[in-house]
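This is data29.txt (compact mmCIF, C-alpha atoms and all ligand atoms).
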```
# COMPACT_ATOMS: atom_id res chain seq x y z
CA MET A 62 3.82 19.19 1.54
CA PHE A 63 6.11 18.08 4.35
CA CYS A 64 5.94 17.81 8.10
CA ASP A 65 8.88 19.39 9.85
CA THR A 66 10.50 17.93 12.92
CA ALA A 67 8.43 20.16 15.19
CA GLY A 68 5.30 18.71 13.64
CA ALA A 69 4.32 21.86 11.76
CA VAL A 70 3.09 21.46 8.23
CA VAL A 71 5.63 22.80 5.78
CA TYR A 72 5.14 23.71 2.15
CA ARG A 73 7.77 24.04 -0.45
CA CYS A 74 7.77 27.27 -2.39
CA ALA A 75 7.04 26.79 -6.07
CA VAL A 76 8.56 29.94 -7.47
CA LEU A 77 12.13 29.22 -6.47
CA PRO A 78 14.62 30.59 -7.27
CA LEU A 79 12.65 33.83 -7.75
CA CYS A 80 10.97 33.69 -4.35
CA PRO A 81 12.92 35.60 -1.69
CA LEU A 82 11.52 33.42 1.10
CA PRO A 83 13.26 30.38 2.55
CA GLN A 84 12.76 27.24 0.53
CA TYR A 85 10.56 25.63 3.15
CA ILE A 86 7.71 27.74 4.41
CA HIS A 87 6.00 26.92 7.69
CA ILE A 88 2.24 27.05 7.56
CA HIS A 89 2.06 28.59 11.02
CA ASP A 90 4.01 31.57 9.64
CA LEU A 91 1.10 32.06 7.24
CA CYS A 92 3.44 33.30 4.68
CA PRO A 93 3.02 35.16 1.40
CA PRO A 94 3.15 32.01 -0.73
CA PHE A 95 -0.37 31.26 0.39
CA THR A 96 -1.57 34.68 -0.67
CA LEU A 97 0.42 34.32 -3.88
CA GLY A 98 -1.06 30.86 -4.35
CA VAL A 99 2.21 29.12 -5.03
CA VAL A 100 1.86 26.11 -2.76
CA VAL A 101 2.97 23.06 -4.69
CA SER A 102 2.12 19.42 -4.49
CA ARG A 103 4.21 16.95 -2.57
CA ILE A 104 6.40 14.68 -4.66
CA VAL A 105 5.48 11.00 -4.63
CA LEU A 106 7.27 8.08 -6.19
CA VAL A 107 5.32 5.12 -7.57
CA THR A 108 7.36 2.05 -8.51
CA GLY A 109 5.76 -0.66 -10.60
CA ALA A 110 3.56 2.12 -11.97
CA ASN A 111 2.57 0.03 -14.97
CA GLY A 112 1.09 -2.77 -12.89
CA GLU A 113 -2.54 -3.28 -11.91
CA ILE A 114 -2.38 -1.31 -8.65
CA GLY A 115 -0.06 1.26 -10.25
CA HIS A 116 -2.52 2.25 -12.96
CA SER A 117 -5.34 2.71 -10.44
CA LEU A 118 -3.11 4.66 -8.06
CA LEU A 119 -1.89 7.03 -10.79
CA GLU A 120 -5.49 7.71 -11.71
CA ALA A 121 -6.38 8.42 -8.07
CA PHE A 122 -3.45 10.83 -7.74
CA ALA A 123 -4.44 12.55 -10.98
CA SER A 124 -7.98 13.13 -9.76
CA SER A 125 -6.89 14.47 -6.37
CA GLY A 126 -4.32 16.71 -8.08
CA ASP A 127 -2.29 17.31 -4.93
CA ARG A 128 0.82 15.32 -5.78
CA ASP A 129 3.58 15.51 -8.38
CA VAL A 130 4.14 11.91 -9.38
CA ILE A 131 7.39 10.24 -10.39
CA SER A 132 6.75 6.84 -11.97
CA VAL A 133 9.16 3.95 -12.35
CA ASP A 134 8.56 0.79 -14.31
CA LEU A 135 10.48 -1.58 -16.53
CA ARG A 136 8.14 -0.74 -19.39
CA PRO A 137 7.18 2.71 -20.68
CA LEU A 138 3.85 4.05 -19.46
CA GLY A 139 0.94 4.08 -21.87
CA ASP A 140 -0.33 7.40 -23.21
CA ALA A 141 -3.15 7.66 -20.64
CA GLN A 142 -0.82 7.04 -17.68
CA ARG A 143 1.87 9.33 -19.09
CA GLY A 144 -0.56 12.21 -18.66
CA TYR A 145 -0.86 11.45 -14.94
CA VAL A 146 2.81 11.76 -14.04
CA LYS A 147 5.30 14.61 -13.97
CA TRP A 148 8.48 12.53 -14.32
CA SER A 149 8.73 9.01 -15.64
CA PHE A 150 11.68 6.59 -15.41
CA GLU A 151 12.11 3.25 -17.12
CA GLY A 152 14.36 0.81 -15.35
CA ASP A 153 14.97 -1.92 -12.85
CA ILE A 154 14.29 -0.88 -9.28
CA SER A 155 17.28 -2.89 -8.06
CA ASP A 156 19.63 -0.82 -10.27
CA PRO A 157 21.71 1.54 -8.07
CA LYS A 158 22.03 4.04 -10.96
CA LEU A 159 18.27 4.44 -11.07
CA ILE A 160 18.17 4.96 -7.30
CA GLU A 161 20.84 7.65 -7.64
CA GLN A 162 18.68 9.55 -10.13
CA LEU A 163 15.54 9.25 -7.98
CA GLU A 164 17.39 10.43 -4.91
CA SER A 165 17.81 13.94 -6.27
CA PHE A 166 14.06 14.56 -5.79
CA ASP A 167 12.68 15.67 -2.41
CA ILE A 168 10.29 12.73 -2.31
CA ALA A 169 7.70 12.83 0.48
CA GLU A 170 5.94 9.49 -0.16
CA ILE A 171 6.96 6.25 -1.84
CA TYR A 172 4.44 3.70 -3.06
CA HIS A 173 6.69 0.74 -3.77
CA LEU A 174 4.53 -1.53 -5.91
CA ALA A 175 7.20 -3.16 -8.08
CA ALA A 176 7.50 -6.88 -7.32
CA LEU A 177 7.44 -10.34 -8.85
CA LEU A 178 4.24 -12.04 -7.63
CA SER A 179 4.03 -15.54 -6.19
CA THR A 180 3.88 -17.68 -9.33
CA SER A 181 6.48 -15.60 -11.22
CA ALA A 182 8.77 -15.67 -8.19
CA GLU A 183 8.64 -19.48 -8.01
CA LYS A 184 9.71 -19.63 -11.65
CA ASN A 185 12.80 -17.49 -10.97
CA PRO A 186 13.56 -17.30 -7.25
CA GLU A 187 16.93 -15.52 -7.65
CA LEU A 188 15.41 -12.79 -9.80
CA ALA A 189 12.53 -12.49 -7.32
CA HIS A 190 14.95 -12.01 -4.45
CA ARG A 191 16.86 -9.37 -6.38
CA VAL A 192 13.77 -7.38 -7.32
CA ASN A 193 11.60 -7.97 -4.24
CA VAL A 194 14.28 -7.76 -1.56
CA ASN A 195 17.28 -5.88 -2.99
CA GLY A 196 14.94 -3.45 -4.76
CA THR A 197 13.08 -2.74 -1.52
CA MET A 198 16.27 -2.36 0.53
CA GLY A 199 17.70 0.07 -2.04
CA LEU A 200 14.56 2.20 -1.88
CA LEU A 201 14.39 2.11 1.91
CA SER A 202 18.01 3.31 2.10
CA MET A 203 17.25 6.01 -0.45
CA ALA A 204 14.21 7.08 1.60
CA ARG A 205 16.41 7.31 4.69
CA ARG A 206 18.92 9.57 2.93
CA ILE A 207 16.14 11.78 1.52
CA GLY A 208 14.55 11.98 4.98
CA GLN A 209 17.90 13.04 6.42
CA ARG A 210 18.36 15.68 3.73
CA THR A 211 14.87 17.20 3.94
CA GLY A 212 14.41 16.78 7.68
CA SER A 213 11.06 15.04 7.10
CA ALA A 214 10.41 11.32 7.42
CA VAL A 215 9.60 9.81 4.01
CA LYS A 216 6.37 7.80 4.07
CA PHE A 217 7.03 4.37 2.59
CA LEU A 218 3.83 2.55 1.54
CA PHE A 219 4.46 -1.13 0.99
CA PRO A 220 1.96 -3.62 -0.42
CA SER A 221 2.56 -6.86 1.39
CA THR A 222 0.40 -9.93 0.99
CA ILE A 223 -1.46 -12.87 2.48
CA ALA A 224 1.44 -14.94 1.08
CA VAL A 225 3.35 -14.15 4.30
CA TYR A 226 1.15 -16.74 5.98
CA GLY A 227 1.96 -20.45 5.93
CA MET A 228 -0.92 -22.50 7.26
CA PRO A 229 0.46 -25.88 8.36
CA SER A 230 -2.49 -27.92 7.04
CA LEU A 231 -5.92 -27.55 5.48
CA GLU A 232 -7.50 -28.53 8.81
CA VAL A 233 -5.67 -25.73 10.63
CA LYS A 234 -6.46 -23.29 7.83
CA THR A 235 -10.16 -24.08 8.11
CA SER A 236 -10.31 -23.98 11.88
CA ALA A 237 -8.16 -20.80 12.15
CA GLY A 238 -10.56 -18.81 9.93
CA ALA A 239 -9.63 -15.11 9.95
CA VAL A 240 -6.02 -14.81 11.14
CA ALA A 241 -4.42 -11.79 12.82
CA GLU A 242 -1.15 -10.16 11.75
CA ASP A 243 1.30 -11.95 14.05
CA VAL A 244 0.35 -15.61 13.75
CA TYR A 245 1.17 -18.36 11.24
CA LEU A 246 3.97 -16.29 9.69
CA ASP A 247 5.56 -19.28 8.05
CA ALA A 248 5.64 -18.27 4.38
CA THR A 249 6.31 -21.12 1.97
CA THR A 250 6.89 -19.22 -1.27
CA MET A 251 9.81 -17.06 -2.38
CA TYR A 252 7.40 -14.17 -2.77
CA GLY A 253 5.88 -14.63 0.70
CA ILE A 254 9.33 -14.92 2.28
CA ASN A 255 10.53 -11.81 0.40
CA LYS A 256 7.51 -9.79 1.52
CA LEU A 257 7.69 -10.94 5.14
CA TYR A 258 11.38 -10.04 5.31
CA CYS A 259 10.74 -6.65 3.69
CA GLU A 260 7.97 -5.91 6.19
CA ARG A 261 10.57 -6.43 8.90
CA LEU A 262 13.21 -4.42 7.05
CA GLY A 263 10.75 -1.54 6.80
CA VAL A 264 10.01 -1.64 10.52
CA TYR A 265 13.75 -1.81 11.23
CA MET A 266 14.51 1.18 8.97
CA SER A 267 11.78 3.19 10.69
CA GLU A 268 12.54 2.30 14.27
CA ARG A 269 15.95 0.75 14.75
CA TYR A 270 18.29 1.93 12.01
CA GLY A 271 21.59 3.07 13.52
CA GLN A 272 20.61 1.83 16.96
CA LEU A 273 24.26 1.58 18.01
CA THR A 274 25.32 4.87 16.42
CA ASP A 275 24.65 8.58 16.62
CA ASP A 276 21.83 8.12 14.07
CA ALA A 277 19.79 6.31 16.74
CA GLY A 278 16.28 7.67 17.09
CA GLU A 279 16.44 9.75 13.91
CA LYS A 280 13.07 9.33 12.21
CA THR A 281 13.77 9.43 8.49
CA VAL A 282 11.49 6.66 7.20
CA ASP A 283 7.84 6.12 8.09
CA PHE A 284 7.14 2.58 6.84
CA ARG A 285 3.51 1.48 6.50
CA ALA A 286 2.51 -1.87 5.00
CA LEU A 287 -0.78 -3.43 3.97
CA ARG A 288 -1.21 -7.14 3.52
CA PHE A 289 -3.30 -7.35 0.39
CA PRO A 290 -5.56 -10.30 -0.37
CA GLY A 291 -6.06 -11.26 -4.03
CA LEU A 292 -7.10 -8.12 -5.89
CA ILE A 293 -9.75 -8.15 -8.61
CA SER A 294 -9.94 -5.33 -11.15
CA ALA A 295 -12.66 -4.80 -13.75
CA PHE A 296 -10.14 -3.23 -16.10
CA THR A 297 -6.97 -5.32 -15.95
CA VAL A 298 -6.04 -8.98 -15.60
CA PRO A 299 -3.10 -9.70 -13.31
CA SER A 300 -0.18 -11.89 -14.28
CA GLY A 301 2.22 -13.96 -12.23
CA GLY A 302 0.08 -14.36 -9.13
CA THR A 303 -1.52 -17.46 -7.62
CA SER A 304 -4.75 -15.70 -6.69
CA ASP A 305 -5.16 -14.96 -10.41
CA TYR A 306 -7.84 -17.65 -10.86
CA ALA A 307 -10.56 -15.28 -9.63
CA PRO A 308 -9.88 -12.39 -12.02
CA GLU A 309 -9.06 -14.83 -14.85
CA MET A 310 -12.41 -16.59 -14.38
CA ILE A 311 -14.37 -13.32 -14.47
CA HIS A 312 -12.51 -11.82 -17.43
CA ALA A 313 -12.76 -15.10 -19.41
CA ALA A 314 -16.53 -15.18 -18.87
CA ALA A 315 -16.87 -11.54 -19.94
CA GLN A 316 -15.10 -12.44 -23.21
CA GLY A 317 -17.22 -15.56 -23.74
CA LYS A 318 -14.14 -17.81 -23.30
CA PRO A 319 -14.16 -21.11 -21.39
CA TYR A 320 -12.05 -21.18 -18.21
CA ALA A 321 -10.38 -24.14 -16.51
CA CYS A 322 -9.76 -23.08 -12.91
CA PHE A 323 -6.35 -24.17 -11.58
CA VAL A 324 -7.59 -24.70 -7.99
CA ARG A 325 -10.25 -26.93 -6.46
CA PRO A 326 -13.81 -25.61 -6.04
CA ASP A 327 -13.38 -25.52 -2.24
CA ALA A 328 -10.17 -23.43 -2.32
CA ARG A 329 -10.68 -20.37 -0.15
CA ILE A 330 -8.59 -17.20 0.28
CA PRO A 331 -9.53 -13.54 0.81
CA PHE A 332 -10.14 -11.20 -2.13
CA MET A 333 -10.84 -7.51 -2.61
CA ALA A 334 -12.08 -5.23 -5.38
CA MET A 335 -9.26 -3.08 -6.76
CA PRO A 336 -10.76 0.32 -5.83
CA ASP A 337 -10.79 -0.73 -2.17
CA GLY A 338 -7.13 -1.74 -2.39
CA VAL A 339 -6.17 1.68 -3.71
CA THR A 340 -8.34 3.48 -1.15
CA ALA A 341 -6.70 1.45 1.60
CA LEU A 342 -3.22 2.52 0.47
CA LEU A 343 -4.26 6.18 0.36
CA ASN A 344 -6.04 6.04 3.71
CA LEU A 345 -3.15 4.33 5.44
CA ALA A 346 -0.81 6.96 3.97
CA ALA A 347 -3.05 9.74 5.27
CA ALA A 348 -3.51 8.32 8.77
CA PRO A 349 -1.84 10.34 11.55
CA ARG A 350 1.20 8.48 12.84
CA GLU A 351 -0.06 8.69 16.43
CA SER A 352 -3.19 6.69 15.60
CA LEU A 353 -1.19 3.76 14.19
CA THR A 354 -0.39 1.03 16.70
CA ARG A 355 1.46 -1.09 14.13
CA ARG A 356 3.35 -0.69 10.89
CA VAL A 357 1.89 -3.74 9.12
CA TYR A 358 -1.87 -4.19 8.76
CA ASN A 359 -4.16 -6.88 7.40
CA ILE A 360 -7.05 -5.68 5.28
CA GLY A 361 -9.93 -7.88 4.16
CA ALA A 362 -13.17 -7.62 2.21
CA PHE A 363 -14.63 -11.03 1.28
CA ALA A 364 -13.30 -14.57 1.37
CA PRO A 365 -15.13 -16.84 -1.09
CA THR A 366 -14.29 -20.31 -2.34
CA ALA A 367 -13.46 -20.70 -6.03
CA GLU A 368 -16.89 -22.31 -6.45
CA GLU A 369 -18.64 -19.33 -4.85
CA ILE A 370 -16.83 -17.04 -7.30
CA ALA A 371 -17.81 -19.31 -10.20
CA MET A 372 -21.46 -19.21 -9.14
CA LYS A 373 -21.42 -15.42 -9.01
CA VAL A 374 -19.75 -15.29 -12.44
CA LYS A 375 -22.38 -17.64 -13.87
CA SER A 376 -25.21 -15.55 -12.51
CA ALA A 377 -23.78 -12.51 -14.34
CA PHE A 378 -22.72 -14.44 -17.47
CA PRO A 379 -25.09 -17.43 -17.74
CA ALA A 380 -23.19 -18.84 -20.74
CA ALA A 381 -19.87 -18.95 -18.81
CA GLU A 382 -18.09 -22.30 -19.13
CA ILE A 383 -16.09 -22.91 -15.95
CA THR A 384 -14.39 -26.21 -15.26
CA TYR A 385 -11.78 -27.27 -12.69
CA ALA A 386 -8.31 -28.56 -13.54
CA PRO A 387 -6.43 -28.14 -10.24
CA HIS A 388 -2.68 -27.69 -10.60
CA PRO A 389 -1.35 -29.55 -7.54
CA LYS A 390 1.55 -27.18 -6.90
CA ARG A 391 -0.37 -23.95 -7.31
CA GLN A 392 -3.16 -25.52 -5.24
CA ALA A 393 -0.64 -26.23 -2.47
CA ILE A 394 0.31 -22.54 -2.42
CA ILE A 395 -3.33 -21.50 -2.10
CA ASP A 396 -3.83 -24.09 0.65
CA SER A 397 -0.90 -22.57 2.56
CA TRP A 398 -2.47 -19.09 2.55
CA CYS A 399 -5.05 -18.18 5.17
CA ALA A 400 -8.79 -18.59 4.52
CA ASP A 401 -9.45 -15.04 5.72
CA VAL A 402 -7.77 -12.18 7.55
CA ASP A 403 -8.58 -10.48 10.83
CA ASP A 404 -8.36 -6.79 9.94
CA SER A 405 -9.66 -5.40 13.22
CA ALA A 406 -6.45 -3.43 13.88
CA ALA A 407 -6.83 -1.53 10.58
CA ARG A 408 -10.52 -0.89 11.30
CA ARG A 409 -9.73 0.42 14.77
CA ASP A 410 -6.58 2.46 14.02
CA TRP A 411 -7.34 4.18 10.73
CA GLY A 412 -10.97 3.41 9.98
CA TRP A 413 -10.48 0.70 7.36
CA LYS A 414 -13.77 -0.55 5.94
CA PRO A 415 -14.12 -2.00 2.44
CA THR A 416 -16.72 -0.37 0.22
CA PHE A 417 -17.36 -3.62 -1.63
CA ASP A 418 -18.44 -6.97 -0.27
CA MET A 419 -18.67 -9.89 -2.70
CA ASP A 420 -22.16 -8.96 -3.95
CA THR A 421 -21.52 -5.25 -4.41
CA ALA A 422 -18.10 -5.93 -5.93
CA PHE A 423 -19.81 -7.96 -8.66
CA ASP A 424 -23.06 -6.05 -8.99
CA THR A 425 -21.85 -2.47 -8.84
CA TYR A 426 -18.18 -2.59 -9.89
CA LEU A 427 -17.08 -5.69 -11.82
CA ILE A 428 -20.08 -6.54 -13.97
CA PRO A 429 -21.11 -2.99 -14.99
CA ASN A 430 -17.52 -2.12 -15.98
CA ILE A 431 -16.12 -5.31 -17.40
CA ALA A 432 -18.44 -5.57 -20.39
CA GLY A 433 -17.19 -2.19 -21.58
CA VAL A 434 -13.59 -3.39 -21.43
CA TYR A 435 -14.22 -6.07 -24.09
CA ALA A 436 -16.84 -4.23 -26.16
CA GLY A 437 -15.75 -3.69 -29.74
C1 LIG A 501 -0.31 -13.41 -5.73
O1 LIG A 501 -1.16 -14.25 -6.01
O2 LIG A 501 0.90 -13.62 -5.77
C2 LIG A 501 -0.79 -12.06 -5.28
C3 LIG A 501 -0.96 -11.99 -3.80
C4 LIG A 501 -2.07 -12.69 -3.14
O3 LIG A 501 -0.18 -11.37 -3.15
N1 LIG A 501 -2.00 -11.70 -5.93
```
Please re-express this file's structure in structure tokens.
Ligand code: AKB
Amino acid sequence: MFCDTAGAVVYRCAVLPLCPLPQYIHIHDLCPPFTLGVVVSRIVLVTGANGEIGHSLLEAFASSGDRDVISVDLRPLGDAQRGYVKWSFEGDISDPKLIEQLESFDIAEIYHLAALLSTSAEKNPELAHRVNVNGTMGLLSMARRIGQRTGSAVKFLFPSTIAVYGMPSLEVKTSAGAVAEDVYLDATTMYGINKLYCERLGVYMSERYGQLTDDAGEKTVDFRALRFPGLISAFTVPSGGTSDYAPEMIHAAAQGKPYACFVRPDARIPFMAMPDGVTALLNLAAAPRESLTRRVYNIGAFAPTAEEIAMKVKSAFPAAEITYAPHPKRQAIIDSWCADVDDSAARRDWGWKPTFDMDTAFDTYLIPNIAGVYAG
């Protein structure tokens, strides 16, 4: 499904080349394809499809059944995920040859999840820049060309992060509490810097690209970003992030393994249950453009200390052995991230509201599901 420049909803005919009608059918024409039942799904691209968010997103698309999904990842999809996608590509998102292949599809939405997270990016900053920045720029440019070709702005959903913040000290972090989108943007990690820059690139590509040329004002990319807190899934354990201590602690306890937490008990950042993260991406994608007052939104759910997480884990798994062995450098990264986010803009503009707070995340999502993951 596409939106044409006049704002009418446009469907692409599925029976081409047999169909005698124009390729793009306007809904207000109420054309035969509807009576013939040949309306097809919109094409969406998911990069980093094999990651934690990717798996959950593919599942959500499969259950809604209204999108034809193209997946991209460095690694082949597993059998379950393969069934959720129509086309699957293996490759590096910063490879221009891959972009060339993807560009031949009339993509309506891009969910660009591929990235090196904060800890991985610190281990290889040049690689992180190539993947996180060059990869994003290549996709944004591709989206612009597709938007030009189809006449419909390509929605570009971008998971950003609380790593864009750089709190100057622990005292300021504590007193600032929940921070809004436009303050303390002083990222200290390669990953945070990459994401902050890409947020701005996305806004530029949507609003300013070609500002000194005849392309000025042409709306070919509709960039929308969410700043994710640490995400916690019942089904997968993340790798390469600095917020990983929370999911690691829970998954270790579920397996009966001891866990030495790499941050202090009082370390505090925001977290969210994975299903809420996926819902947020889908809801932001579905929001009417006119209701959005910004292109980059904070979203929050709960903001516990490491000790509060440990206590919750112990109440679910009384035998859990959790100790603290703070890693000074990873701790410094956590200390530089905000204690919580002010997500009032997302709540106001597109109705953001997490389903799970800390108690319900544990009691109704994590604990009931996690035991099954390690059974047998
Ligand atoms: C990380 O720790 O790098 C990520 C994030 C908070 O963006 N989970």
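In this model, the gap between atom CA of Phe219 of chain A and atom CA of Glu260 of chain A comes to 7.9 Å.
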Emit as JSON the padded axis-aligned box for all listed atoms of ligand LIG 501 (chain A), 4 Å per side, with centre and edge lengths in Å to one decimal.
```
{"center_x": -0.6, "center_y": -12.8, "center_z": -4.6, "size_x": 11.0, "size_y": 10.9, "size_z": 10.9}
```
Can you list every residue of chain A that has an atom at most 9 Å from ligand LIG 501 (chain A), with its nearest atom pair and the distance in Å to one decimal, using only C-alpha atoms and all ligand atoms, ordered by chain then number, as CSV?
```
residue,atom,partner,partner_atom,distance
A:Leu177,CA,A:LIG501,O2,7.9
A:Leu178,CA,A:LIG501,O2,4.1
A:Ser179,CA,A:LIG501,O2,3.7
A:Thr180,CA,A:LIG501,O2,6.2
A:Ser181,CA,A:LIG501,O2,8.0
A:Ala182,CA,A:LIG501,O2,8.5
A:Pro220,CA,A:LIG501,O3,8.5
A:Ser221,CA,A:LIG501,O3,7.0
A:Thr222,CA,A:LIG501,O3,4.4
A:Ile223,CA,A:LIG501,C4,5.7
A:Ala224,CA,A:LIG501,O3,5.8
A:Val225,CA,A:LIG501,O3,8.7
A:Tyr252,CA,A:LIG501,O2,7.2
A:Gly253,CA,A:LIG501,O3,7.9
A:Arg288,CA,A:LIG501,O3,8.0
A:Phe289,CA,A:LIG501,O3,6.2
A:Pro290,CA,A:LIG501,C4,5.1
A:Gly291,CA,A:LIG501,C4,4.3
A:Leu292,CA,A:LIG501,N1,6.2
A:Ile293,CA,A:LIG501,N1,8.9
A:Pro299,CA,A:LIG501,N1,7.7
A:Ser300,CA,A:LIG501,N1,8.5
A:Gly301,CA,A:LIG501,O2,6.6
A:Gly302,CA,A:LIG501,O1,3.4
A:Thr303,CA,A:LIG501,O1,3.6
A:Ser304,CA,A:LIG501,O1,3.9
A:Asp305,CA,A:LIG501,O1,6.0
A:Tyr306,CA,A:LIG501,O1,8.9
A:Ile330,CA,A:LIG501,C4,8.6
A:Pro331,CA,A:LIG501,C4,8.5
A:Phe332,CA,A:LIG501,C4,8.3
A:Ile395,CA,A:LIG501,O1,8.5
A:Trp398,CA,A:LIG501,C4,8.6
```
Selection near segment 401-413 of chain A, 10 Å with only C-alpha atoms, sequence-local residues under 6 positions removed, as an MDAnalysis selection string: chainID A and resid 223 234:235 237:242 287:290 329:332 337 340:341 344:355 357:365
Test item: which residues lie within 7 Å of (-2.6, 10.3, -16.0) counting all atoms listed in the file, as a PyMOL selection string: chain A and resi 119-120+123+141-146
One-decimal distance in Å that lies between atom CA of Tyr385 of chain A and atom CA of Ala321 of chain A: 5.1 Å
Which residue of A:Leu343, A:Leu135, A:Ala307, A:Ile207 approaches Met419 of chain A most closely, using only C-alpha atoms: A:Ala307
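Separating atom CA of Gly212 of chain A from atom CA of Asp156 of chain A is a distance of 25.7 Å.
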For Glu113 of chain A: contacts at 9 Å, all atoms listed in the file, fewer than 4 positions along chain excluded, given as a ChimeraX atom specification: /A:109,117-118,292,294,296-299,335
Limited to C-alpha atoms, could you put the picked residues into a file as a PDB file, keeping the file's coordinate frame?
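Once written, part.pdb looks like this:
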```
ATOM      1  CA  GLY A 109       5.760  -0.660 -10.600  1.00  0.00           C
ATOM      2  CA  SER A 117      -5.340   2.710 -10.440  1.00  0.00           C
ATOM      3  CA  LEU A 118      -3.110   4.660  -8.060  1.00  0.00           C
ATOM      4  CA  LEU A 292      -7.100  -8.120  -5.890  1.00  0.00           C
ATOM      5  CA  SER A 294      -9.940  -5.330 -11.150  1.00  0.00           C
ATOM      6  CA  PHE A 296     -10.140  -3.230 -16.100  1.00  0.00           C
ATOM      7  CA  THR A 297      -6.970  -5.320 -15.950  1.00  0.00           C
ATOM      8  CA  VAL A 298      -6.040  -8.980 -15.600  1.00  0.00           C
ATOM      9  CA  PRO A 299      -3.100  -9.700 -13.310  1.00  0.00           C
ATOM     10  CA  MET A 335      -9.260  -3.080  -6.760  1.00  0.00           C
TER      11      MET A 335
END
```
Shell of 10 Å around segment 420-425 of chain A, all atoms listed in the file, local chain residues under 3 positions omitted, as a tab-separated table (two decimals) with C-alpha atoms, in the coordinates of the input:
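File produced: around_34.tsv:
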```
chain	number	residue	atom	x	y	z
A	293	ILE	CA	-9.75	-8.15	-8.61
A	294	SER	CA	-9.94	-5.33	-11.15
A	295	ALA	CA	-12.66	-4.80	-13.75
A	311	ILE	CA	-14.37	-13.32	-14.47
A	333	MET	CA	-10.84	-7.51	-2.61
A	334	ALA	CA	-12.08	-5.23	-5.38
A	335	MET	CA	-9.26	-3.08	-6.76
A	336	PRO	CA	-10.76	0.32	-5.83
A	337	ASP	CA	-10.79	-0.73	-2.17
A	362	ALA	CA	-13.17	-7.62	2.21
A	363	PHE	CA	-14.63	-11.03	1.28
A	370	ILE	CA	-16.83	-17.04	-7.30
A	373	LYS	CA	-21.42	-15.42	-9.01
A	374	VAL	CA	-19.75	-15.29	-12.44
A	377	ALA	CA	-23.78	-12.51	-14.34
A	416	THR	CA	-16.72	-0.37	0.22
A	417	PHE	CA	-17.36	-3.62	-1.63
A	428	ILE	CA	-20.08	-6.54	-13.97
A	429	PRO	CA	-21.11	-2.99	-14.99
A	430	ASN	CA	-17.52	-2.12	-15.98
A	431	ILE	CA	-16.12	-5.31	-17.40
```
Closest of A:Gly227, A:Gly126, A:Pro389, A:Pro137 to Ala110 of chain A - atom-to-atom distances counting all atoms listed in the file: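 Checking each candidate against Ala110 of chain A, we get A:Pro137 as the closest.
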Residue nearest Pro157 of chain A - candidates A:Ile394, A:Met203, A:Ala121, A:Val282, atoms counted: only C-alpha atoms: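 The closest residue to Pro157 of chain A is A:Met203.
Using all atoms listed in the file, the nearest neighbour of Asp167 of chain A within the list A:Cys259, A:Leu200, A:Val215, A:Ala367 is A:Val215.
When only C-alpha atoms are used to compute distances to Met310 of chain A, the closest of the residues A:Ser376, A:Ser149, A:Thr384, A:Thr249 turns out to be A:Thr384.
Counting only C-alpha atoms, the residue from A:Glu183, A:Asp283, A:Asp276, A:Glu151 that sits nearest to Glu170 of chain A is A:Asp283.
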Neighbour list for Thr281 of chain A as a ChimeraX atom specification, cut-off 8 Å, only C-alpha atoms, skip fewer than 4 positions in-chain: /A:204-209,212-215,267
